[in-house]
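Next up, target_1.tsv (TSV, C-alpha atoms and all ligand atoms):
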chain	number	residue	atom	x	y	z
J	766	MET	CA	92.98	83.13	88.50
J	767	THR	CA	93.44	81.79	91.98
J	768	ARG	CA	94.08	84.08	94.87
J	769	ARG	CA	97.57	83.95	96.36
J	770	LYS	CA	97.88	82.80	99.93
J	771	LYS	CA	98.65	85.70	102.23
J	772	ILE	CA	101.36	84.76	104.73
J	773	TYR	CA	101.64	87.99	106.67
J	774	GLU	CA	100.40	91.57	106.46
J	775	GLY	CA	102.49	94.32	108.02
J	776	LYS	CA	102.05	98.08	108.10
J	777	ALA	CA	103.65	98.82	104.72
J	778	LYS	CA	104.01	95.42	103.07
J	779	ILE	CA	102.22	92.13	102.51
J	780	LEU	CA	103.94	88.77	102.12
J	781	TYR	CA	102.34	86.15	99.89
J	782	GLU	CA	103.29	82.56	99.25
J	783	GLY	CA	105.89	82.39	96.47
J	784	PRO	CA	105.81	80.33	93.26
J	785	GLU	CA	108.25	77.76	94.63
J	786	PRO	CA	109.27	76.52	98.09
J	787	GLY	CA	111.64	78.85	99.90
J	788	THR	CA	110.31	81.95	98.11
J	789	LEU	CA	107.77	84.63	98.99
J	790	ILE	CA	106.27	87.58	97.16
J	791	GLN	CA	106.73	90.91	98.92
J	792	TYR	CA	104.00	93.45	98.01
J	793	PHE	CA	104.63	97.14	98.80
J	794	LYS	CA	101.48	98.96	99.95
J	795	ASP	CA	100.82	102.70	99.74
J	796	ASP	CA	99.95	102.75	103.45
J	797	ALA	CA	102.10	104.95	105.64
J	798	THR	CA	102.15	104.68	109.42
J	799	ALA	CA	104.15	106.45	112.10
J	800	PHE	CA	104.36	106.54	115.89
J	801	ASN	CA	103.51	102.86	116.19
J	802	ALA	CA	100.59	103.19	113.75
J	803	GLN	CA	98.88	106.00	115.69
J	804	LYS	CA	99.27	108.14	112.56
J	805	LYS	CA	98.07	106.63	109.29
J	806	ALA	CA	97.64	107.70	105.67
J	807	VAL	CA	97.58	106.33	102.16
J	808	LEU	CA	100.26	107.93	99.99
J	809	GLU	CA	99.45	107.08	96.42
J	810	GLY	CA	102.43	105.63	94.59
J	811	LYS	CA	104.65	105.11	97.67
J	812	GLY	CA	104.62	101.32	97.26
J	813	VAL	CA	105.76	101.57	93.66
J	814	ILE	CA	108.64	103.89	94.50
J	815	ASN	CA	109.80	101.88	97.52
J	816	ASN	CA	109.67	98.65	95.52
J	817	ARG	CA	111.99	100.22	92.92
J	818	ILE	CA	114.35	101.88	95.40
J	819	SER	CA	114.63	98.73	97.52
J	820	GLU	CA	115.26	96.63	94.38
J	821	PHE	CA	118.01	99.04	93.33
J	822	VAL	CA	119.70	99.07	96.75
J	823	MET	CA	119.44	95.30	97.34
J	824	THR	CA	120.82	94.57	93.86
J	825	ARG	CA	123.75	96.91	94.42
J	826	LEU	CA	124.43	95.38	97.84
J	827	ASN	CA	124.33	91.89	96.34
J	828	SER	CA	126.91	92.96	93.76
J	829	ILE	CA	129.35	93.84	96.56
J	830	GLY	CA	128.72	90.55	98.35
J	831	VAL	CA	126.10	91.58	100.92
J	832	GLN	CA	123.74	88.64	100.68
J	833	ASN	CA	120.07	89.54	100.89
J	834	HIS	CA	116.61	88.16	100.30
J	835	PHE	CA	115.90	89.97	97.00
J	836	ILE	CA	115.61	87.68	93.95
J	837	ARG	CA	113.88	89.83	91.32
J	838	ARG	CA	111.17	92.40	90.84
J	839	LEU	CA	107.92	90.93	89.52
J	840	SER	CA	105.76	94.00	88.94
J	841	LEU	CA	105.32	97.62	89.98
J	842	ARG	CA	104.57	96.67	93.57
J	843	GLU	CA	105.87	93.14	93.93
J	844	GLN	CA	109.22	91.44	94.28
J	845	LEU	CA	110.21	87.81	94.60
J	846	ILE	CA	112.25	87.21	97.73
J	847	LYS	CA	113.86	84.32	99.59
J	848	GLU	CA	111.87	83.13	102.57
J	849	VAL	CA	113.84	83.73	105.76
J	850	GLU	CA	113.28	83.22	109.45
J	851	ILE	CA	113.15	86.83	110.59
J	852	ILE	CA	115.38	87.69	113.54
J	853	PRO	CA	113.10	89.81	115.78
J	854	LEU	CA	115.38	92.84	115.85
J	855	GLU	CA	115.35	96.24	114.21
J	856	VAL	CA	118.99	97.08	113.57
J	857	ILE	CA	119.50	100.83	113.46
J	858	CYS	CA	122.71	102.40	112.22
J	859	ARG	CA	123.31	106.12	112.77
J	860	ASN	CA	125.85	108.58	111.40
J	861	ILE	CA	124.21	111.85	112.47
J	862	ALA	CA	122.00	112.49	115.52
J	863	ALA	CA	118.27	112.56	114.74
J	864	GLY	CA	114.92	111.21	115.87
J	865	SER	CA	114.80	109.04	118.97
J	866	LEU	CA	118.56	109.31	119.60
J	867	SER	CA	118.35	113.10	119.72
J	868	THR	CA	115.43	112.87	122.14
J	869	ARG	CA	117.00	110.18	124.32
J	870	LEU	CA	120.44	111.77	124.69
J	871	GLY	CA	119.57	115.44	124.18
J	872	LEU	CA	121.69	115.75	121.05
J	873	PRO	CA	120.76	118.47	118.56
J	874	GLU	CA	119.37	116.97	115.38
J	875	GLY	CA	122.04	117.17	112.68
J	876	GLN	CA	125.02	116.80	115.01
J	877	PRO	CA	127.52	114.37	113.43
J	878	LEU	CA	128.24	111.39	115.70
J	879	PRO	CA	131.85	110.66	116.72
J	880	ARG	CA	131.51	107.34	114.90
J	881	SER	CA	128.72	105.25	113.41
J	882	ILE	CA	126.53	103.80	116.15
J	883	ILE	CA	124.49	100.60	115.84
J	884	GLU	CA	121.46	100.05	118.06
J	885	PHE	CA	119.14	97.08	118.45
J	886	CYS	CA	115.41	97.29	119.09
J	887	TYR	CA	113.24	94.28	119.88
J	888	LYS	CA	110.55	93.96	117.19
J	889	ASP	CA	107.29	94.10	119.12
J	890	ASP	CA	104.64	96.65	118.18
J	891	LYS	CA	102.76	96.19	121.47
J	892	LEU	CA	105.89	97.22	123.37
J	893	GLY	CA	106.80	99.97	120.89
J	894	ASP	CA	109.98	98.23	119.66
J	895	PRO	CA	112.08	98.87	122.81
J	896	LEU	CA	115.83	99.43	122.67
J	897	VAL	CA	117.70	96.30	123.84
J	898	THR	CA	121.32	95.32	124.36
J	899	GLU	CA	123.31	92.29	123.21
J	900	GLU	CA	122.74	90.85	126.71
J	901	HIS	CA	118.98	90.73	126.12
J	902	ILE	CA	119.44	89.35	122.61
J	903	THR	CA	121.56	86.39	123.71
J	904	ALA	CA	119.73	85.80	127.02
J	905	PHE	CA	116.36	85.50	125.27
J	906	ASN	CA	117.88	83.58	122.32
J	907	TRP	CA	116.75	86.08	119.69
J	908	ALA	CA	120.17	85.69	118.06
J	909	SER	CA	123.47	84.02	118.94
J	910	THR	CA	126.74	85.82	119.68
J	911	GLN	CA	128.05	84.69	116.29
J	912	GLU	CA	124.94	86.03	114.56
J	913	ILE	CA	125.27	89.37	116.37
J	914	ASP	CA	128.90	89.60	115.19
J	915	ASP	CA	127.81	88.89	111.60
J	916	ILE	CA	124.99	91.45	111.87
J	917	LEU	CA	127.35	94.14	113.20
J	918	ALA	CA	129.92	93.52	110.45
J	919	MET	CA	127.29	93.44	107.68
J	920	THR	CA	125.55	96.56	108.99
J	921	LEU	CA	128.77	98.59	109.01
J	922	ARG	CA	129.54	97.41	105.48
J	923	ILE	CA	126.03	98.34	104.33
J	924	ASN	CA	126.42	101.74	106.00
J	925	ASP	CA	129.74	102.40	104.23
J	926	PHE	CA	128.32	101.40	100.88
J	927	LEU	CA	125.04	103.31	101.22
J	928	THR	CA	126.81	106.41	102.54
J	929	GLY	CA	128.91	106.45	99.36
J	930	MET	CA	126.03	105.58	97.06
J	931	PHE	CA	123.75	108.32	98.40
J	932	GLY	CA	126.65	110.75	98.86
J	933	ALA	CA	127.43	110.49	95.16
J	934	VAL	CA	123.97	111.88	94.34
J	935	GLY	CA	123.97	114.67	96.93
J	936	ILE	CA	122.11	112.81	99.69
J	937	THR	CA	123.39	112.43	103.26
J	938	LEU	CA	122.59	109.10	104.92
J	939	VAL	CA	121.70	110.20	108.46
J	940	ASP	CA	120.49	106.81	109.76
J	941	PHE	CA	118.64	103.70	108.65
J	942	LYS	CA	116.86	100.62	109.98
J	943	ILE	CA	117.39	97.14	108.59
J	944	GLU	CA	116.26	93.65	109.46
J	945	TYR	CA	117.95	90.31	109.08
J	946	GLY	CA	116.75	86.75	108.64
J	947	ARG	CA	118.16	83.23	108.72
J	948	ILE	CA	118.27	80.88	105.78
J	949	TYR	CA	118.96	77.23	106.42
J	950	ASP	CA	121.26	74.98	104.44
J	951	GLY	CA	120.98	71.53	106.00
J	952	GLU	CA	121.96	71.88	109.64
J	953	PHE	CA	123.68	75.23	109.07
J	954	SER	CA	122.04	78.63	109.00
J	955	ARG	CA	123.27	81.93	107.67
J	956	VAL	CA	122.16	85.48	108.36
J	957	ILE	CA	121.14	87.56	105.34
J	958	LEU	CA	119.70	91.05	104.93
J	959	ALA	CA	115.88	91.06	104.58
J	960	ASP	CA	112.91	93.49	104.60
J	961	GLU	CA	113.48	96.72	102.60
J	962	ILE	CA	115.76	99.71	102.27
J	963	SER	CA	113.81	102.79	101.18
J	964	PRO	CA	112.98	106.35	102.27
J	965	ASP	CA	110.51	104.70	104.71
J	966	SER	CA	113.40	103.13	106.61
J	967	CYS	CA	116.23	105.66	106.16
J	968	ARG	CA	116.79	109.31	107.04
J	969	LEU	CA	118.00	110.96	103.85
J	970	TRP	CA	118.86	114.67	103.78
J	971	ASP	CA	119.81	116.79	100.79
J	972	THR	CA	123.53	117.34	101.32
J	973	VAL	CA	123.41	121.02	100.35
J	974	THR	CA	120.11	122.22	101.84
J	975	ASN	CA	119.58	119.56	104.57
J	976	GLU	CA	116.03	119.21	103.25
J	977	LYS	CA	114.49	115.93	104.40
J	978	LEU	CA	113.77	113.44	101.61
J	979	ASP	CA	112.38	110.62	103.77
J	980	LYS	CA	109.54	109.48	106.02
J	981	ASP	CA	110.08	112.36	108.44
J	982	ARG	CA	108.16	114.42	105.84
J	983	PHE	CA	105.15	112.28	106.75
J	984	ARG	CA	105.91	111.93	110.49
J	985	ARG	CA	106.33	115.69	110.90
J	986	ASP	CA	103.65	116.86	108.41
J	987	LEU	CA	106.21	118.57	106.15
J	988	GLY	CA	104.24	117.77	102.96
J	989	ASN	CA	105.56	116.65	99.55
J	990	VAL	CA	106.20	113.11	100.77
J	991	ILE	CA	105.81	111.38	97.40
J	992	GLU	CA	107.69	114.17	95.62
J	993	SER	CA	110.64	113.66	97.98
J	994	TYR	CA	110.68	109.87	97.59
J	995	THR	CA	110.52	110.40	93.82
J	996	GLU	CA	113.45	112.80	94.03
J	997	VAL	CA	115.51	110.08	95.77
J	998	ALA	CA	114.59	107.63	92.97
J	999	ARG	CA	115.37	110.23	90.31
J	1000	ARG	CA	118.80	110.97	91.75
J	1001	LEU	CA	119.59	107.25	91.91
J	1002	GLY	CA	118.77	107.08	88.20
J	1003	ILE	CA	115.68	104.87	88.55
J	1004	MET	CA	113.14	107.46	87.55
J	1005	LYS	CA	111.83	106.07	84.27
J	1006	GLU	CA	108.38	104.93	85.42
J	1007	MET	CA	107.98	107.52	88.16
J	1008	PRO	CA	105.94	110.24	86.37
J	1009	ARG	CA	103.03	107.78	86.14
J	1010	VAL	CA	103.17	107.44	89.91
J	1011	ILE	CA	102.74	111.16	90.49
J	1012	ASP	CA	99.80	111.18	88.05
J	1013	GLY	CA	98.26	108.57	90.30
J	1014	GLY	CA	97.97	106.32	87.27
J	1015	VAL	CA	99.29	103.12	88.78
J	1016	ALA	CA	97.40	100.04	89.84
O	1	LIG	N1	112.98	103.32	111.64
O	1	LIG	C1	112.19	102.48	110.89
O	1	LIG	N2	111.18	101.79	111.52
O	1	LIG	C2	110.93	101.89	112.84
O	1	LIG	C3	111.75	102.76	113.61
O	1	LIG	C4	112.75	103.45	112.98
O	1	LIG	O1	112.39	102.33	109.70
O	1	LIG	O2	110.02	101.22	113.35
O	1	LIG	C5	114.06	104.06	110.99
O	1	LIG	C6	113.78	105.54	110.90
O	1	LIG	O3	113.16	105.85	109.66
O	1	LIG	C7	115.15	106.14	110.98
O	1	LIG	C8	115.93	105.16	111.86
O	1	LIG	O4	115.22	103.92	111.80
O	1	LIG	O5	115.75	106.17	109.69
O	1	LIG	C9	116.09	105.60	113.28
O	1	LIG	O6	114.82	105.90	113.80
O	1	LIG	P1	114.63	106.48	115.28
O	1	LIG	O7	115.07	105.45	116.26
O	1	LIG	O8	115.26	107.81	115.36
O	1	LIG	O9	113.08	106.51	115.46
O	1	LIG	P2	111.95	107.58	115.20
O	1	LIG	O10	112.53	108.94	115.35
O	1	LIG	O11	111.49	107.24	113.82
O	1	LIG	O12	110.97	107.21	116.26

Since I need it in another form, could you write the structure as structure tokens?
Ligand code: UDP
Amino acid sequence: MTRRKKIYEGKAKILYEGPEPGTLIQYFKDDATAFNAQKKAVLEGKGVINNRISEFVMTRLNSIGVQNHFIRRLSLREQLIKEVEIIPLEVICRNIAAGSLSTRLGLPEGQPLPRSIIEFCYKDDKLGDPLVTEEHITAFNWASTQEIDDILAMTLRINDFLTGMFGAVGITLVDFKIEYGRIYDGEFSRVILADEISPDSCRLWDTVTNEKLDKDRFRRDLGNVIESYTEVARRLGIMKEMPRVIDGGVA
């Protein structure tokens, strides 16, 4: 066996060269980080669950016409994806006040927002992913006005779909972070959804109890992180292989 060429290693995922040009393999690690990697842990089985949840969400989004980088799952922790040129923005969409928005604007956590709000942060760990406006994005050429319009429209569509999908299984979608990338077709480029959608990148609250079923369990030391991620997978109906994860019996 030859070792795959590592293209990039992030905090929760590794990207390897794919089997054919224009593809990559996305590997989901068990590593968890928060507060710009000041807090770190290994949560056994997290990578397996996030791989499955992200596969499920990306496949569903593709079926409603939201183009994304997911091609197919390869193994418990790996998926084949389209190689994209990542746009250096974290796109955050919020329905209910929480986290940094609550802190910044003094809004009680859990307060419904008058309408869904989209925010952009510049992806730069050294700077702590600062909030930026469309002015910064176009001035520094991170994305064009047309691309920003496409990103806004796609993000609202994703929010509507995910709100319904999670709502149907008793989960409130409080907020989420997504990333986009460009794929080129000759001289034209198109923006598609990339990265992952999982309890690492969303705030998901039980609709009845408001119990947190997402990464805030890790950030805020609430315990039962893996159990909560597993509960999200179970409710979405993708539980089959999950008991092995809790046993710790996965490679
Ligand atoms: N988020 C993320 N990665 C980040 C920052 C935020 O996935 O680097 C997600 C986070 O899980 C939440 C949403 O984006 O679902 C909004 O996060 P917020 O800005 O409130 O930041 P935090 O409170 O996590 O600092």

With all atoms listed in the file counted, collect every polymer residue having an atom within 9 Å of ligand LIG 1 (chain O); state the result as a VMD selection string.
chain J and resid 799 to 801 855 to 859 862 to 868 884 886 888 890 893 to 894 896 938 to 943 962 to 969 979 to 981 984

Put those residues in a file: C-alpha atoms, as a tab-separated table (two decimals), in the coordinates of the input.
chain	number	residue	atom	x	y	z
J	799	ALA	CA	104.15	106.45	112.10
J	800	PHE	CA	104.36	106.54	115.89
J	801	ASN	CA	103.51	102.86	116.19
J	855	GLU	CA	115.35	96.24	114.21
J	856	VAL	CA	118.99	97.08	113.57
J	857	ILE	CA	119.50	100.83	113.46
J	858	CYS	CA	122.71	102.40	112.22
J	859	ARG	CA	123.31	106.12	112.77
J	862	ALA	CA	122.00	112.49	115.52
J	863	ALA	CA	118.27	112.56	114.74
J	864	GLY	CA	114.92	111.21	115.87
J	865	SER	CA	114.80	109.04	118.97
J	866	LEU	CA	118.56	109.31	119.60
J	867	SER	CA	118.35	113.10	119.72
J	868	THR	CA	115.43	112.87	122.14
J	884	GLU	CA	121.46	100.05	118.06
J	886	CYS	CA	115.41	97.29	119.09
J	888	LYS	CA	110.55	93.96	117.19
J	890	ASP	CA	104.64	96.65	118.18
J	893	GLY	CA	106.80	99.97	120.89
J	894	ASP	CA	109.98	98.23	119.66
J	896	LEU	CA	115.83	99.43	122.67
J	938	LEU	CA	122.59	109.10	104.92
J	939	VAL	CA	121.70	110.20	108.46
J	940	ASP	CA	120.49	106.81	109.76
J	941	PHE	CA	118.64	103.70	108.65
J	942	LYS	CA	116.86	100.62	109.98
J	943	ILE	CA	117.39	97.14	108.59
J	962	ILE	CA	115.76	99.71	102.27
J	963	SER	CA	113.81	102.79	101.18
J	964	PRO	CA	112.98	106.35	102.27
J	965	ASP	CA	110.51	104.70	104.71
J	966	SER	CA	113.40	103.13	106.61
J	967	CYS	CA	116.23	105.66	106.16
J	968	ARG	CA	116.79	109.31	107.04
J	969	LEU	CA	118.00	110.96	103.85
J	979	ASP	CA	112.38	110.62	103.77
J	980	LYS	CA	109.54	109.48	106.02
J	981	ASP	CA	110.08	112.36	108.44
J	984	ARG	CA	105.91	111.93	110.49

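Proximity to Arg922 (chain J) was assessed for J:Asn816, J:Glu785, J:Ser881, J:Thr995 counting only C-alpha atoms; the smallest distance is recorded for J:Ser881.
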
One decimal, in Å: what's the spacing between CA of Ile790 (chain J) and CA of Glu820 (chain J)?
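We find that CA of Ile790 (chain J) and CA of Glu820 (chain J) lie 13.1 Å from each other.
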
Spatial neighbours of Glu912 (chain J), 10 Å, all atoms listed in the file, chain gap at least 6 places, as an NGL selection string
:J and (852 or 903 or 918 or 945 or 947 or 954-956)

Mind dumping the selected residues with C-alpha atoms as a PDB file, in the coordinates of the input?
ATOM      1  CA  ILE J 852     115.380  87.690 113.540  1.00  0.00           C
ATOM      2  CA  THR J 903     121.560  86.390 123.710  1.00  0.00           C
ATOM      3  CA  ALA J 918     129.920  93.520 110.450  1.00  0.00           C
ATOM      4  CA  TYR J 945     117.950  90.310 109.080  1.00  0.00           C
ATOM      5  CA  ARG J 947     118.160  83.230 108.720  1.00  0.00           C
ATOM      6  CA  SER J 954     122.040  78.630 109.000  1.00  0.00           C
ATOM      7  CA  ARG J 955     123.270  81.930 107.670  1.00  0.00           C
ATOM      8  CA  VAL J 956     122.160  85.480 108.360  1.00  0.00           C
TER       9      VAL J 956
END

Shell of 9 Å around region 832-848 of chain J, only C-alpha atoms, local chain residues under 4 positions omitted, as a tab-separated table (two decimals) with C-alpha atoms, in the frame of the given file:
chain	number	residue	atom	x	y	z
J	783	GLY	CA	105.89	82.39	96.47
J	784	PRO	CA	105.81	80.33	93.26
J	786	PRO	CA	109.27	76.52	98.09
J	787	GLY	CA	111.64	78.85	99.90
J	788	THR	CA	110.31	81.95	98.11
J	789	LEU	CA	107.77	84.63	98.99
J	790	ILE	CA	106.27	87.58	97.16
J	791	GLN	CA	106.73	90.91	98.92
J	792	TYR	CA	104.00	93.45	98.01
J	793	PHE	CA	104.63	97.14	98.80
J	794	LYS	CA	101.48	98.96	99.95
J	812	GLY	CA	104.62	101.32	97.26
J	813	VAL	CA	105.76	101.57	93.66
J	814	ILE	CA	108.64	103.89	94.50
J	815	ASN	CA	109.80	101.88	97.52
J	816	ASN	CA	109.67	98.65	95.52
J	817	ARG	CA	111.99	100.22	92.92
J	819	SER	CA	114.63	98.73	97.52
J	820	GLU	CA	115.26	96.63	94.38
J	823	MET	CA	119.44	95.30	97.34
J	824	THR	CA	120.82	94.57	93.86
J	826	LEU	CA	124.43	95.38	97.84
J	827	ASN	CA	124.33	91.89	96.34
J	828	SER	CA	126.91	92.96	93.76
J	945	TYR	CA	117.95	90.31	109.08
J	946	GLY	CA	116.75	86.75	108.64
J	947	ARG	CA	118.16	83.23	108.72
J	948	ILE	CA	118.27	80.88	105.78
J	956	VAL	CA	122.16	85.48	108.36
J	957	ILE	CA	121.14	87.56	105.34
J	958	LEU	CA	119.70	91.05	104.93
J	959	ALA	CA	115.88	91.06	104.58
J	960	ASP	CA	112.91	93.49	104.60
J	1015	VAL	CA	99.29	103.12	88.78
J	1016	ALA	CA	97.40	100.04	89.84

Which of these residues is nearest to Ile883 (chain J), using all atoms listed in the file: J:Gly830, J:Ile913, J:Met1004, J:Ala777?
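Nearest candidate to Ile883 (chain J) out of J:Gly830, J:Ile913, J:Met1004, J:Ala777: J:Ile913.
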
Residue among J:Asp950, J:Lys804, J:Thr937, J:Leu780 lying closest to Asn860 (chain J), counting all atoms listed in the file:
J:Thr937

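Among the candidate residues J:Ile916, J:Ile818, J:Ile829, J:Val897, the one lying nearest to Ile1003 (chain J) is J:Ile818, with distances computed using all atoms listed in the file.
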
For region 804-815 of chain J, what centre and edge lengths in Å (one decimal) does the axis-aligned box get once 3 Å is added on each side of all its listed atoms, as JSON?
{"center_x": 103.7, "center_y": 104.7, "center_z": 103.1, "size_x": 18.2, "size_y": 12.8, "size_z": 24.9}

Could you check which of J:Ser909, J:Phe821, J:Lys776, J:Val831 is closest to Gln803 (chain J), using only C-alpha atoms?
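Of the candidates, the smallest distance to Gln803 (chain J) is held by J:Lys776.
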
List as a PDB file with C-alpha atoms, keeping the file's coordinate frame the protein and nucleic acid residues near Leu1001 (chain J), meaning an atom at most 10 Å away when only C-alpha atoms are counted, but skip any in the same chain fewer than 5 places from it.
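Saved as around_31.pdb:
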ATOM      1  CA  ILE J 818     114.350 101.880  95.400  1.00  0.00           C
ATOM      2  CA  PHE J 821     118.010  99.040  93.330  1.00  0.00           C
ATOM      3  CA  VAL J 822     119.700  99.070  96.750  1.00  0.00           C
ATOM      4  CA  MET J 930     126.030 105.580  97.060  1.00  0.00           C
ATOM      5  CA  PHE J 931     123.750 108.320  98.400  1.00  0.00           C
ATOM      6  CA  ALA J 933     127.430 110.490  95.160  1.00  0.00           C
ATOM      7  CA  VAL J 934     123.970 111.880  94.340  1.00  0.00           C
ATOM      8  CA  GLY J 935     123.970 114.670  96.930  1.00  0.00           C
ATOM      9  CA  ILE J 936     122.110 112.810  99.690  1.00  0.00           C
ATOM     10  CA  THR J 995     110.520 110.400  93.820  1.00  0.00           C
ATOM     11  CA  GLU J 996     113.450 112.800  94.030  1.00  0.00           C
TER      12      GLU J 996
END

In Å, rounded to a single decimal, give me how far CA of Lys778 (chain J) is from CA of Phe885 (chain J).
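Straight-line distance from CA of Phe885 (chain J) to CA of Lys778 (chain J) works out to 21.6 Å.
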
Could you check how far CA of Pro873 (chain J) sits from CA of Thr974 (chain J), in Å to one decimal?
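Atom-to-atom, CA of Pro873 (chain J) and CA of Thr974 (chain J) are spaced 17.1 Å apart.
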
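With all atoms listed in the file as the atoms that count, the minimum distance from Val990 (chain J) to the choices J:Ala806, J:Leu870, J:Leu878, J:Lys771 is reached by J:Ala806.
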